[in-house]
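To start, the structure itself, in structure tokens.
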Amino acid sequence: MPELRIPFDPCNPGQFYACCGLIELFELSGAQTLSKFVVNWKRPREATFVLASDAALELGAIANAVREARYKPLQRPEAEDKTPETDSIAPAQVAIFGREIVLDWWLGWFRQKASQLKCWAGQVTTQKLICVLPALLAGENLSFDEGVLTTTRFGIDPRSAWVALNLGYSPNEQGQESRTYPVVEMLGAFGLQGFRPAGSRAEGFTYHLWLSPLPRVVARSVCARSWPGCESAAYRFSLGVRGSYKYFSFAEPFTSSS
């Protein structure tokens with residue numbers, strides 16, 4: 001059975017949801033997958049994502065599909081005074097692998113307003129996100145460490161964060177770009193559609209790495225809340241503040257009550 005093994009930082013929620021995005025995208029391509037995580041308990045910032053399938057697993061094909069997919073913002077009934085292109089939180093329709101899906105994890109259940117996971121602000125809109133980020137995926141490389149300078153991001157990779165107090169100025173106010181990781185941002189955007197964290201801004205958000213091979217449907221459930229008998233590793237993160245933007249902070253391991 002073909003297998004991919006991808007090293008990543010389990011304390012980086014963006015990288016975790018990027019792994020989930022690979023599950024979603026390979027399944028959309030027609031593959032049936034089993035996935036699990038291998039945690040290095042002696043090195044808390046090291047883990048491996050293991051994805052197995054009944055079909056060939058080609059990262060280059062996923063990279064090309066994400067880059068060449070057709071994206072467009074959709075009209076929200078509650079935003080009649082805006083066009084989808086100017087609506088900062090419009091859902092996005094994606095035509096990929098001959099199918100059409102909708103990305104709207106940053107919206108509440110009825111799409112009336114943003115959910116607590118939405119991080120971007122200012123001049124960043126859905127239209128800008130889906131136009132800029134896919135084009136930044138270079139070649140067939142899906143390295144989580146591939147960084148570029150841009151002002152456009154979903155905000156799910158904490159490595160893009162800066163603190164104005166530490167820098168001595170605000171890059172946003174100066175119109176400057178900061179390093180962004182488009183592979184993590186785009187794969188994570190697909191991952192968050194099916195794999196949602198549990199919690200809230202007040203108490204923090206949690207996700208679980210499942211340590212035994214699971215199909216996608218079961219893994220989606222375990223991701224948010226594990227259960228007795230299902231071996232997993234639990235992590236909690238909060239939303240940090242960067243100027244007028246928010247971002248997923250680095251997570252910390254914790255002992256789950258399950």
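Scheme for the structure tokens: letters A, B, ... for chains in order shown; per-chain residue numbers from 1; ligand numbers from 1 in order shown.
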
Handout entry: Selection near range 240-245 of chain A, 6 Å with only C-alpha atoms, sequence-local residues under 4 positions removed, as a ChimeraX atom specification
Key = /A:119-121,249

Based on the selection just made, write C-alpha atoms of those residues as a tab-separated table (two decimals), in the first residue's frame.
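Saved as selection35.tsv:
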chain	number	residue	atom	x	y	z
A	119	CYS	CA	-8.08	35.80	11.70
A	120	TRP	CA	-7.58	38.20	8.79
A	121	ALA	CA	-8.59	41.86	8.78
A	249	SER	CA	-0.53	30.61	18.29

Practice task
Within 10 Å of Ala31 in chain A, counting only C-alpha atoms, which residues show up once you throw out same-chain ones fewer than 2 positions away? Write them as an NGL selection string, please.
Solution key: :A and (23-29 or 33-34 or 52-57)

Handout entry: Minimum-distance residue to Phe110 in chain A, chosen among A:Ala219, A:Asn64, A:Pro91, A:Gly204 (using only C-alpha atoms)
Key = A:Pro91

Considering only C-alpha atoms, return as a PDB file with C-alpha atoms, in the first residue's frame whatever protein or nucleic-acid residues lie within 12 Å of Thr255 in chain A, sequence-local ones (same chain, fewer than 3 positions apart) excluded.
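Below you can see out_12.pdb, which holds the result:
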ATOM      1  CA  THR A 206      -7.867  21.887  20.987  1.00  0.00           C
ATOM      2  CA  TYR A 207      -6.904  19.251  18.452  1.00  0.00           C
ATOM      3  CA  HIS A 208      -5.832  15.630  18.785  1.00  0.00           C
ATOM      4  CA  SER A 226     -10.912  11.841  21.327  1.00  0.00           C
ATOM      5  CA  GLU A 231      -4.884   6.568  21.707  1.00  0.00           C
ATOM      6  CA  SER A 232      -4.151  10.195  20.876  1.00  0.00           C
ATOM      7  CA  ALA A 233      -1.996  13.193  21.760  1.00  0.00           C
ATOM      8  CA  ALA A 234      -3.859  16.388  22.723  1.00  0.00           C
ATOM      9  CA  TYR A 235      -2.791  19.993  22.014  1.00  0.00           C
ATOM     10  CA  ARG A 236      -4.282  23.371  22.894  1.00  0.00           C
ATOM     11  CA  GLU A 252       1.060  23.158  23.981  1.00  0.00           C
ATOM     12  CA  SER A 258     -10.890  11.371  27.418  1.00  0.00           C
TER      13      SER A 258
END

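Distance annotation: of A:Asn12, A:Trp106, A:Thr126, A:Ile62, the residue with the minimal separation from Pro84 in chain A is A:Thr126; atom set is only C-alpha atoms.
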
Exercise for the section: Go through A:Arg76, A:Arg196, A:Lys42, A:Arg159 one by one, measure the shortest atom-to-atom distance of each to Ala224 in chain A using only C-alpha atoms, and give the residue with the smallest value. Expected result: A:Arg196

Would you mind listing what lies within 7 Å of Tyr17 in chain A as an mmCIF file with C-alpha atoms, in the first residue's frame, with only C-alpha atoms counted and same-chain residues fewer than 4 positions away left out?
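Listed below is the output, result_22.cif:
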data_model
loop_
_atom_site.group_PDB
_atom_site.id
_atom_site.type_symbol
_atom_site.label_atom_id
_atom_site.label_comp_id
_atom_site.auth_asym_id
_atom_site.auth_seq_id
_atom_site.Cartn_x
_atom_site.Cartn_y
_atom_site.Cartn_z
ATOM 1 C CA PRO A 13 -1.545 24.038 14.475
ATOM 2 C CA GLY A 21 -5.686 19.100 4.231
ATOM 3 C CA GLY A 188 -4.587 24.101 6.232
ATOM 4 C CA GLY A 191 -7.981 20.749 6.283
ATOM 5 C CA LEU A 192 -10.008 23.053 8.513
#

Quick one: which range 172-215 of chain A residues come within 6 Å of range 136-149 of chain A, and what is the nearest atom pair for each with the distance in Å to one decimal, counting only C-alpha atoms, rows ordered by chain and ascending number, as CSV?
residue,atom,partner,partner_atom,distance
A:Glu177,CA,A:Leu149,CA,5.5
A:Ser178,CA,A:Leu149,CA,5.2
A:Arg179,CA,A:Leu149,CA,4.5
A:Thr180,CA,A:Gly147,CA,5.4
A:Tyr181,CA,A:Gly147,CA,4.5
A:Val183,CA,A:Phe144,CA,5.9
A:Val184,CA,A:Phe144,CA,5.7

Go ahead and write the residues just picked, N, CA and C atoms, as a compact mmCIF listing (two decimals), in the first residue's frame.
# COMPACT_ATOMS: atom_id res chain seq x y z
N GLU A 177 5.63 43.59 3.94
CA GLU A 177 5.27 42.17 3.92
C GLU A 177 6.03 41.42 4.99
N SER A 178 5.48 40.31 5.44
CA SER A 178 6.18 39.44 6.38
C SER A 178 6.16 38.03 5.82
N ARG A 179 7.04 37.19 6.36
CA ARG A 179 7.17 35.84 5.80
C ARG A 179 5.92 35.01 6.08
N THR A 180 5.44 34.39 5.03
CA THR A 180 4.23 33.56 5.09
C THR A 180 4.56 32.21 4.47
N TYR A 181 3.87 31.18 4.91
CA TYR A 181 4.12 29.82 4.46
C TYR A 181 2.89 29.34 3.67
N VAL A 183 2.18 26.95 1.55
CA VAL A 183 1.78 25.54 1.54
C VAL A 183 0.95 25.23 2.78
N VAL A 184 1.43 25.66 3.94
CA VAL A 184 0.69 25.43 5.18
C VAL A 184 -0.64 26.17 5.16

Handout entry: From A:Gly60, A:Pro10, A:Pro134, A:Thr83, residue lying nearest Trp41 in chain A [only C-alpha atoms]
Key =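 Comparing A:Gly60, A:Pro10, A:Pro134, A:Thr83 against Trp41 in chain A, the winner is A:Pro10.
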
Practice task
DSSP on the backbone, then: every residue of range 73-223 of chain A marked helix (DSSP H, G or I), written as a VMD selection string.
Solution key: chain A and resid 77 to 79 126 to 135 158 to 160 164 to 167 182 to 194 216 to 223

Practice task
Provide the CA of Ala135 in chain A to CA of Arg153 in chain A distance in Å, to one decimal place.
Solution key: 12.5 Å

Exercise for the section: Can you pull out every residue within 9 Å of Gln75 in chain A, counting only C-alpha atoms, but drop anything in the same chain fewer than 3 positions away, and send it as a ChimeraX atom specification? Expected result: /A:78-80,82-85,87,90-91

Practice task
Quick one: everything within 7 Å of Ser35 in chain A, counting only C-alpha atoms, minus sequence neighbours fewer than 6 positions away in the same chain. Send it as an MDAnalysis selection string.
Solution key: chainID A and resid 50:52 213:215

Keeping only C-alpha atoms, write those residues as an mmCIF file, in the first residue's frame.
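Output below, filename out38.cif:
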data_model
loop_
_atom_site.group_PDB
_atom_site.id
_atom_site.type_symbol
_atom_site.label_atom_id
_atom_site.label_comp_id
_atom_site.auth_asym_id
_atom_site.auth_seq_id
_atom_site.Cartn_x
_atom_site.Cartn_y
_atom_site.Cartn_z
ATOM 1 C CA VAL A 50 1.739 8.904 7.965
ATOM 2 C CA LEU A 51 -0.762 8.656 5.108
ATOM 3 C CA ALA A 52 -1.492 5.357 3.356
ATOM 4 C CA PRO A 213 -4.541 4.302 11.444
ATOM 5 C CA LEU A 214 -8.013 5.757 10.890
ATOM 6 C CA PRO A 215 -10.183 6.509 7.843
#

Spatial neighbours of range 93-96 of chain A, 10 Å, only C-alpha atoms, chain gap at least 6 places, as a short mmCIF file (atom, residue, chain, number, x, y, z; two decimals) with C-alpha atoms, in the first residue's frame:
data_model
loop_
_atom_site.label_atom_id
_atom_site.label_comp_id
_atom_site.auth_asym_id
_atom_site.auth_seq_id
_atom_site.Cartn_x
_atom_site.Cartn_y
_atom_site.Cartn_z
CA LEU A 25 -7.36 16.55 -1.02
CA LEU A 28 -11.21 14.41 -3.25
CA SER A 29 -8.86 13.03 -5.89
CA ILE A 62 -1.86 17.76 -5.19
CA ALA A 65 -4.38 20.74 -8.37
CA VAL A 66 -4.41 23.35 -5.59
CA ARG A 67 -2.54 25.87 -7.72
CA GLU A 68 -4.67 25.33 -10.83
CA ALA A 69 -8.07 24.94 -9.15
CA ARG A 70 -10.74 27.53 -9.96
CA TYR A 71 -11.65 29.67 -6.99
CA LYS A 72 -14.38 32.25 -6.64
CA PRO A 73 -16.06 34.02 -3.70
CA LEU A 74 -19.77 33.41 -3.19
CA VAL A 102 -17.09 25.21 -0.64
CA LEU A 103 -14.62 26.52 1.94
CA ASP A 104 -16.43 28.40 4.70
CA ILE A 130 -7.91 32.71 -3.01
#

Practice task
For CA of Ala18 in chain A and CA of Gly229 in chain A, determine how far apart the two atoms are, in Å to one decimal place.
Solution key: 25.9 Å

Practice task
Please return as number ranges by chain: the residues of range 74-243 of chain A that backbone DSSP assigns to strand (DSSP E).
Solution key: A: 92-96, 99-103, 148-150, 178-180, 198-200, 204-210, 232-237, 239-242

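The interatomic distance for the pair CA of Ser238 in chain A and CA of Phe205 in chain A works out to 6.1 Å.
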